[in-house]
>>> print(open('final-v9.txt').read())   # compact mmCIF, C-alpha atoms
# COMPACT_ATOMS: atom_id res chain seq x y z
CA MET A 786 77.66 128.43 -70.13
CA ALA A 787 80.92 126.53 -70.58
CA SER A 788 83.27 129.14 -71.98
CA ASN A 789 86.97 128.83 -71.25
CA ASP A 790 86.72 131.83 -68.89
CA SER A 791 83.78 130.47 -66.95
CA ARG A 792 84.21 130.32 -63.20
CA LEU A 793 81.28 127.95 -62.94
CA ARG A 794 80.22 124.46 -63.90
CA ILE A 795 76.49 124.36 -64.52
CA THR A 796 74.40 121.25 -64.93
CA ARG A 797 70.66 120.79 -65.11
CA ASP A 798 68.49 118.15 -63.56
CA ALA A 799 64.72 118.18 -63.49
CA GLY A 800 64.57 121.90 -64.13
CA ILE A 801 67.06 122.74 -61.41
CA ALA A 802 70.31 124.45 -62.36
CA ARG A 803 73.19 123.16 -60.27
CA VAL A 804 76.10 125.57 -60.03
CA GLU A 805 79.57 124.60 -58.89
CA PHE A 806 82.62 126.82 -58.60
CA VAL A 807 85.72 126.11 -60.60
CA ASP A 808 88.00 127.99 -58.19
CA ARG A 809 88.57 126.79 -54.64
CA ASN A 810 89.07 130.32 -53.46
CA ILE A 811 86.30 132.83 -54.16
CA LEU A 812 87.90 135.70 -52.32
CA ASP A 813 89.02 137.57 -55.36
CA GLU A 814 86.77 140.52 -56.21
CA ALA A 815 87.17 140.25 -59.96
CA ASN A 816 86.35 136.57 -59.72
CA ILE A 817 83.31 137.32 -57.60
CA GLN A 818 82.01 139.84 -60.10
CA ALA A 819 82.36 137.32 -62.91
CA ILE A 820 80.55 134.72 -60.82
CA HIS A 821 77.75 137.18 -60.16
CA ASP A 822 77.41 137.99 -63.84
CA GLU A 823 77.27 134.34 -64.85
CA ILE A 824 74.65 133.44 -62.30
CA ALA A 825 72.64 136.58 -63.09
CA THR A 826 72.53 135.50 -66.74
CA LEU A 827 71.38 132.07 -65.64
CA ILE A 828 68.60 133.58 -63.52
CA ASP A 829 67.45 135.90 -66.30
CA ALA A 830 67.16 132.96 -68.66
CA GLU A 831 64.60 131.23 -66.44
CA GLU A 832 61.00 132.24 -65.96
CA THR A 833 61.01 130.81 -62.43
CA PRO A 834 64.63 130.09 -61.62
CA ARG A 835 65.51 127.17 -59.39
CA ILE A 836 69.18 127.43 -58.56
CA LEU A 837 71.28 125.11 -56.44
CA ILE A 838 74.76 126.42 -55.61
CA SER A 839 77.18 123.76 -54.48
CA PHE A 840 80.24 124.84 -52.51
CA SER A 841 81.90 121.47 -52.82
CA ASN A 842 85.07 122.91 -54.33
CA VAL A 843 85.26 125.99 -52.13
CA ASP A 844 87.66 126.25 -49.22
CA HIS A 845 87.73 130.01 -48.82
CA LEU A 846 85.47 132.97 -49.40
CA SER A 847 85.17 136.63 -48.51
CA SER A 848 82.53 139.09 -47.42
CA ALA A 849 82.35 140.24 -51.03
CA ALA A 850 81.35 136.71 -52.03
CA LEU A 851 78.65 136.79 -49.34
CA GLY A 852 77.43 140.07 -50.78
CA THR A 853 77.20 138.52 -54.22
CA LEU A 854 75.19 135.61 -52.82
CA ILE A 855 72.80 138.07 -51.19
CA THR A 856 72.37 139.93 -54.47
CA ILE A 857 71.74 136.65 -56.24
CA ASN A 858 69.24 135.63 -53.58
CA ASN A 859 67.38 138.90 -54.01
CA LYS A 860 67.34 138.47 -57.77
CA VAL A 861 66.00 134.92 -57.54
CA ARG A 862 63.27 135.99 -55.13
CA ASN A 863 62.28 138.89 -57.36
CA ARG A 864 61.54 136.33 -60.06
CA ASN A 865 59.61 134.10 -57.62
CA GLY A 866 62.39 131.56 -57.87
CA GLN A 867 64.17 129.41 -55.34
CA LEU A 868 67.80 129.29 -54.28
CA ARG A 869 69.53 126.62 -52.25
CA LEU A 870 73.12 126.37 -51.02
CA ALA A 871 74.78 123.04 -50.32
CA ASP A 872 78.02 121.14 -49.71
CA ILE A 873 79.41 123.87 -47.52
CA ASP A 874 82.63 123.08 -45.68
CA PRO A 875 82.23 123.52 -41.89
CA GLN A 876 84.71 126.42 -41.83
CA ILE A 877 82.83 128.20 -44.57
CA TYR A 878 79.50 127.44 -42.89
CA GLU A 879 80.83 129.10 -39.77
CA VAL A 880 81.13 132.33 -41.76
CA PHE A 881 77.43 132.07 -42.58
CA VAL A 882 76.61 131.51 -38.92
CA ILE A 883 78.79 134.37 -37.67
CA THR A 884 77.13 136.75 -40.12
CA ARG A 885 73.68 135.22 -39.46
CA LEU A 886 73.35 134.59 -43.15
CA ASN A 887 72.40 131.03 -42.32
CA LYS A 888 69.04 132.65 -41.45
CA LEU A 889 68.75 134.27 -44.86
CA PHE A 890 69.73 131.40 -47.10
CA GLU A 891 68.26 127.93 -47.25
CA ILE A 892 71.35 125.79 -46.70
CA HIS A 893 71.49 122.01 -46.99
CA GLU A 894 74.24 119.64 -46.06
CA THR A 895 74.33 117.92 -49.43
CA ALA A 896 73.33 118.80 -52.95
CA ASP A 897 70.98 115.82 -52.99
CA ASP A 898 69.16 117.13 -49.92
CA ALA A 899 68.98 120.56 -51.50
CA HIS A 900 67.72 119.13 -54.76
CA SER A 901 64.89 117.35 -52.96
CA SER A 902 63.83 120.51 -51.18
CA PHE A 903 62.74 122.46 -54.24
CA ASP A 904 59.01 122.95 -54.73
CA MET B 1486 123.77 136.94 -43.52
CA ALA B 1487 122.90 134.32 -46.14
CA ALA B 1488 119.13 133.96 -46.32
CA GLU B 1489 117.73 130.73 -47.67
CA PRO B 1490 116.45 131.17 -51.19
CA ASN B 1491 112.66 131.40 -51.26
CA ALA B 1492 112.51 131.60 -47.47
CA ILE B 1493 109.34 133.25 -46.23
CA PRO B 1494 110.22 136.04 -43.84
CA PRO B 1495 108.22 135.73 -40.64
CA SER B 1496 108.00 139.47 -40.40
CA ASN B 1497 107.92 142.15 -42.96
CA ARG B 1498 106.68 145.55 -43.90
CA ILE B 1499 105.27 145.82 -47.39
CA THR B 1500 104.05 148.65 -49.55
CA LEU B 1501 101.15 147.08 -51.36
CA PRO B 1502 99.97 148.63 -54.62
CA PRO B 1503 96.37 148.22 -55.71
CA GLY B 1504 95.68 145.13 -57.74
CA ARG B 1505 94.63 141.62 -57.03
CA ASP B 1506 97.89 139.92 -58.00
CA ASP B 1507 99.91 141.74 -55.38
CA ALA B 1508 97.24 141.20 -52.75
CA GLN B 1509 97.10 137.52 -53.65
CA ARG B 1510 100.88 137.23 -53.33
CA LEU B 1511 100.81 138.92 -49.96
CA GLY B 1512 98.07 136.61 -48.77
CA ASP B 1513 100.00 133.59 -49.96
CA THR B 1514 103.18 134.84 -48.28
CA VAL B 1515 101.55 135.44 -44.94
CA LEU B 1516 99.71 132.13 -45.16
CA GLU B 1517 102.96 130.29 -45.80
CA ALA B 1518 104.56 131.95 -42.77
CA VAL B 1519 101.53 131.07 -40.65
CA THR B 1520 101.56 127.49 -41.87
CA ALA B 1521 105.29 127.17 -41.27
CA ALA B 1522 104.78 128.44 -37.70
CA GLY B 1523 102.49 125.51 -37.04
CA TYR B 1524 99.07 127.13 -36.94
CA PRO B 1525 96.21 124.69 -37.58
CA LYS B 1526 93.90 124.96 -40.57
CA ALA B 1527 91.21 126.83 -38.69
CA ALA B 1528 93.71 129.51 -37.71
CA GLN B 1529 95.08 129.69 -41.24
CA PHE B 1530 91.55 130.24 -42.52
CA ALA B 1531 90.86 132.94 -39.96
CA ILE B 1532 94.06 134.87 -40.53
CA ARG B 1533 93.83 134.70 -44.28
CA LEU B 1534 90.24 135.89 -44.23
CA ALA B 1535 90.97 138.77 -41.86
CA LEU B 1536 93.96 139.91 -43.91
CA GLU B 1537 91.98 139.82 -47.13
CA GLU B 1538 89.10 141.77 -45.62
CA ALA B 1539 91.46 144.36 -44.16
CA VAL B 1540 93.27 144.90 -47.45
CA VAL B 1541 90.03 145.18 -49.40
CA ASN B 1542 88.62 147.64 -46.87
CA ALA B 1543 91.77 149.75 -46.99
CA PHE B 1544 91.59 150.20 -50.75
CA LYS B 1545 87.82 150.19 -51.22
CA HIS B 1546 86.87 152.42 -48.32
CA GLY B 1547 90.07 153.99 -47.02
CA HIS B 1548 91.20 155.10 -50.46
CA ARG B 1549 87.74 155.84 -51.82
CA ASP B 1550 88.59 159.47 -52.53
CA LEU B 1551 92.22 158.92 -53.51
CA PRO B 1552 93.76 158.23 -56.93
CA ASP B 1553 93.61 154.61 -58.01
CA ASP B 1554 97.33 153.99 -57.75
CA VAL B 1555 97.89 154.91 -54.10
CA PRO B 1556 99.35 151.97 -52.16
CA ILE B 1557 98.67 150.81 -48.64
CA HIS B 1558 101.20 149.53 -46.12
CA VAL B 1559 101.01 146.13 -44.52
CA GLU B 1560 103.13 144.84 -41.67
CA TYR B 1561 103.05 141.29 -40.46
CA ASP B 1562 104.87 139.41 -37.77
CA VAL B 1563 104.40 135.68 -37.29
CA THR B 1564 105.60 133.66 -34.33
CA PRO B 1565 104.27 130.35 -33.05
CA GLU B 1566 102.55 132.30 -30.26
CA ARG B 1567 100.89 135.07 -32.20
CA VAL B 1568 100.33 136.61 -35.58
CA HIS B 1569 100.22 140.37 -35.73
CA ILE B 1570 99.13 142.23 -38.84
CA ALA B 1571 98.80 145.96 -39.37
CA VAL B 1572 97.14 147.48 -42.42
CA GLN B 1573 97.61 151.19 -42.94
CA ASP B 1574 95.88 153.14 -45.64
CA GLN B 1575 96.62 156.69 -46.75
CA GLY B 1576 93.10 157.97 -46.52
CA PRO B 1577 91.62 160.30 -43.94
CA GLY B 1578 90.25 157.47 -41.82
CA PHE B 1579 86.79 156.78 -40.50
CA ASP B 1580 84.90 155.99 -37.32
CA PRO B 1581 84.64 152.20 -37.05
CA GLY B 1582 82.02 152.67 -34.37
CA ARG B 1583 79.63 153.96 -37.00
CA VAL B 1584 79.65 150.84 -39.14
CA PRO B 1585 76.15 149.32 -38.98
CA ASP B 1586 75.80 145.89 -37.43
CA PRO B 1587 75.33 143.57 -40.40
CA THR B 1588 73.79 140.85 -38.24
CA LEU B 1589 70.67 142.88 -37.46
CA ASP B 1590 67.58 141.60 -39.23
CA GLU B 1591 67.19 144.83 -41.19
CA ASN B 1592 70.75 144.54 -42.52
CA LEU B 1593 70.85 140.87 -43.45
CA GLU B 1594 69.91 141.56 -47.05
CA VAL B 1595 72.41 144.40 -47.47
CA PRO B 1596 75.20 143.06 -49.69
CA SER B 1597 78.03 144.97 -48.05
CA GLY B 1598 79.36 145.85 -44.62
CA ARG B 1599 80.56 142.54 -43.22
CA GLY B 1600 84.33 142.83 -43.58
CA LEU B 1601 85.09 144.51 -40.26
CA MET B 1602 82.70 142.22 -38.45
CA LEU B 1603 84.47 139.16 -39.81
CA ILE B 1604 87.86 140.58 -38.85
CA ARG B 1605 86.69 141.08 -35.27
CA ALA B 1606 85.09 137.65 -35.17
CA TYR B 1607 88.09 135.74 -36.43
CA MET B 1608 91.02 137.60 -34.90
CA THR B 1609 91.74 137.56 -31.19
CA GLU B 1610 91.92 141.33 -31.18
CA ALA B 1611 91.45 144.08 -33.75
CA HIS B 1612 91.42 147.82 -33.33
CA HIS B 1613 91.88 150.97 -35.36
CA ASN B 1614 94.00 153.96 -34.49
CA ASP B 1615 92.23 157.16 -33.52
CA ALA B 1616 92.10 158.37 -37.13
CA GLY B 1617 90.68 155.06 -38.36
CA ASN B 1618 93.21 154.56 -41.13
CA ARG B 1619 95.36 151.93 -39.44
CA LEU B 1620 94.02 148.56 -38.39
CA GLU B 1621 96.02 146.37 -36.05
CA MET B 1622 94.95 142.78 -35.58
CA THR B 1623 96.34 139.93 -33.59
CA PHE B 1624 95.72 136.22 -33.61
CA GLU B 1625 96.87 134.57 -30.40
CA ALA B 1626 97.61 130.89 -30.83
CA HIS B 1627 96.71 129.96 -27.28
CA ALA B 1628 93.43 131.82 -27.34
CA GLU B 1629 92.22 129.39 -29.97
CA GLU B 1630 93.34 126.12 -28.44
CA PRO B 1631 90.43 123.68 -28.76
CA ASP B 1632 91.39 120.14 -27.82
CA ASP B 1633 95.08 120.31 -27.17
CA ASP B 1634 97.36 117.33 -27.66
>>> encode(input="final-v9.txt", output="structure tokens")
Amino acid sequence: MASNDSRLRITRDAGIARVEFVDRNILDEANIQAIHDEIATLIDAEETPRILISFSNVDHLSSAALGTLITINNKVRNRNGQLRLADIDPQIYEVFVITRLNKLFEIHETADDAHSSFD
Amino acid sequence: MAAEPNAIPPSNRITLPPGRDDAQRLGDTVLEAVTAAGYPKAAQFAIRLALEEAVVNAFKHGHRDLPDDVPIHVEYDVTPERVHIAVQDQGPGFDPGRVPDPTLDENLEVPSGRGLMLIRAYMTEAHHNDAGNRLEMTFEAHAEEPDDD
């Protein structure tokens, strides 16, 4: 999944797909839709997807991006998979707290912590 | 009156057509004015997020039943004391009081409906006009002073 138009960098380690964003700003709706489509394809390709999304390059996001994450979370759960979020900047994390989405997602401080948490 | 080339006007009224490039440029312009006025990073984040959410809401919801090319109007005024932004759409309006609370347990897994909530959380004040097609929001610099120098 490394096309020139890809918004994501995806690596694999021990059966876990680690997703990082190319763009620092995932506000843009067209961008968000492309991100959703790429991750959806990744999920569909796995029998029991284990996805780790790292926000290490992200310094801004929108409610539309949150909506996409929720849709992705639902999709992963429907396939009995696991989703973790990690490396979230404190300002971005505050958005999760304000919206109470920190209760919905399993969020870890670092990607290594998240990686260790998968069953 | 000789304006500096490339100077960012601290106040302006813009007719914003649909399309991400124009919205991006507006966001960048307002952010530059906010940064130049000395607002800290947290405030820059808040204002940028609120503006983006307001613009998206205006087109996506306010103009839902209008032709695709209808613009919205955005006004902004930036001083070191406050940032005021108004977003006016050309739709019939709505009742913001009827937007479901996205933080309720039963709504957490609903992908949409968080924009207005984020605007209210991050701006010092935000309110719609009676029709619901004009949103005025203000960020007061002093309301957000954490540990002052």
>>> atom_distance(input="final-v9.txt", atom1="CA of Arg809 in chain A", atom2="CA of Met1602 in chain B")
23.1 Å
>>> closest_atom_pairs(input="final-v9.txt", of="chain A", to="chain B", cutoff="6 Å", atoms="only C-alpha atoms", output="CSV")
residue,atom,partner,partner_atom,distance
A:Ser848,CA,B:Gly1600,CA,5.7
A:Gly852,CA,B:Pro1596,CA,3.9
A:Ile855,CA,B:Pro1596,CA,5.7
A:Thr884,CA,B:Thr1588,CA,5.6
A:Arg885,CA,B:Thr1588,CA,5.8
>>> residues_around(input="final-v9.txt", residues="Glu832 in chain A", least_positions_apart="2", cutoff="10 Å", atoms="all atoms listed in the file", output="list in words")
Ile828, Asp829, Ala830, Pro834, Arg835, Arg864, Asn865 and Gly866 of chain A
>>> atom_distance(input="final-v9.txt", atom1="CA of Asp790 in chain A", atom2="CA of Lys1545 in chain B")
25.5 Å
>>> atom_distance(input="final-v9.txt", atom1="CA of Phe840 in chain A", atom2="CA of Ala825 in chain A")
17.5 Å
>>> residues_around(input="final-v9.txt", residues="range 873-875 of chain A", least_positions_apart="4", cutoff="10 Å", atoms="all atoms listed in the file", output="list of chain:residue names")
A:Ile838, A:Ser839, A:Phe840, A:Ser841, A:Asn842, A:Val843, A:Asp844, A:His845, A:Glu879, A:Val880, A:Phe881, A:Ile892, A:His893, A:Glu894, A:Thr895, A:Ala896
>>> residues_around(input="final-v9.txt", residues="range 1496-1500 of chain B", least_positions_apart="4", cutoff="6 Å", atoms="all atoms listed in the file", output="JSON list (two decimals) with C-alpha atoms, in the frame of the given file")
[["chain", "number", "residue", "atom", "x", "y", "z"],
["B", 1557, "ILE", "CA", 98.67, 150.81, -48.64],
["B", 1558, "HIS", "CA", 101.20, 149.53, -46.12],
["B", 1559, "VAL", "CA", 101.01, 146.13, -44.52],
["B", 1560, "GLU", "CA", 103.13, 144.84, -41.67],
["B", 1561, "TYR", "CA", 103.05, 141.29, -40.46],
["B", 1562, "ASP", "CA", 104.87, 139.41, -37.77]]
>>> residues_around(input="final-v9.txt", residues="Tyr1524 in chain B", least_positions_apart="2", cutoff="12 Å", atoms="all atoms listed in the file", output="PDB file with C-alpha atoms, in the coordinates of the input")
ATOM      1  CA  VAL B1515     101.550 135.440 -44.940  1.00  0.00           C
ATOM      2  CA  LEU B1516      99.710 132.130 -45.160  1.00  0.00           C
ATOM      3  CA  GLU B1517     102.960 130.290 -45.800  1.00  0.00           C
ATOM      4  CA  ALA B1518     104.560 131.950 -42.770  1.00  0.00           C
ATOM      5  CA  VAL B1519     101.530 131.070 -40.650  1.00  0.00           C
ATOM      6  CA  THR B1520     101.560 127.490 -41.870  1.00  0.00           C
ATOM      7  CA  ALA B1521     105.290 127.170 -41.270  1.00  0.00           C
ATOM      8  CA  ALA B1522     104.780 128.440 -37.700  1.00  0.00           C
ATOM      9  CA  LYS B1526      93.900 124.960 -40.570  1.00  0.00           C
ATOM     10  CA  ALA B1527      91.210 126.830 -38.690  1.00  0.00           C
ATOM     11  CA  ALA B1528      93.710 129.510 -37.710  1.00  0.00           C
ATOM     12  CA  GLN B1529      95.080 129.690 -41.240  1.00  0.00           C
ATOM     13  CA  PHE B1530      91.550 130.240 -42.520  1.00  0.00           C
ATOM     14  CA  ALA B1531      90.860 132.940 -39.960  1.00  0.00           C
ATOM     15  CA  ILE B1532      94.060 134.870 -40.530  1.00  0.00           C
ATOM     16  CA  ARG B1533      93.830 134.700 -44.280  1.00  0.00           C
ATOM     17  CA  VAL B1563     104.400 135.680 -37.290  1.00  0.00           C
ATOM     18  CA  THR B1564     105.600 133.660 -34.330  1.00  0.00           C
ATOM     19  CA  PRO B1565     104.270 130.350 -33.050  1.00  0.00           C
ATOM     20  CA  GLU B1566     102.550 132.300 -30.260  1.00  0.00           C
ATOM     21  CA  ARG B1567     100.890 135.070 -32.200  1.00  0.00           C
ATOM     22  CA  VAL B1568     100.330 136.610 -35.580  1.00  0.00           C
ATOM     23  CA  PHE B1624      95.720 136.220 -33.610  1.00  0.00           C
ATOM     24  CA  GLU B1625      96.870 134.570 -30.400  1.00  0.00           C
ATOM     25  CA  ALA B1626      97.610 130.890 -30.830  1.00  0.00           C
ATOM     26  CA  HIS B1627      96.710 129.960 -27.280  1.00  0.00           C
ATOM     27  CA  GLU B1629      92.220 129.390 -29.970  1.00  0.00           C
ATOM     28  CA  GLU B1630      93.340 126.120 -28.440  1.00  0.00           C
TER      29      GLU B1630
END
>>> residues_around(input="final-v9.txt", residues="His1613 in chain B", least_positions_apart="3", cutoff="12 Å", atoms="all atoms listed in the file", output="ChimeraX atom specification")
/B:1539,1543,1570-1574,1578-1582,1601,1604-1605,1610,1616-1622
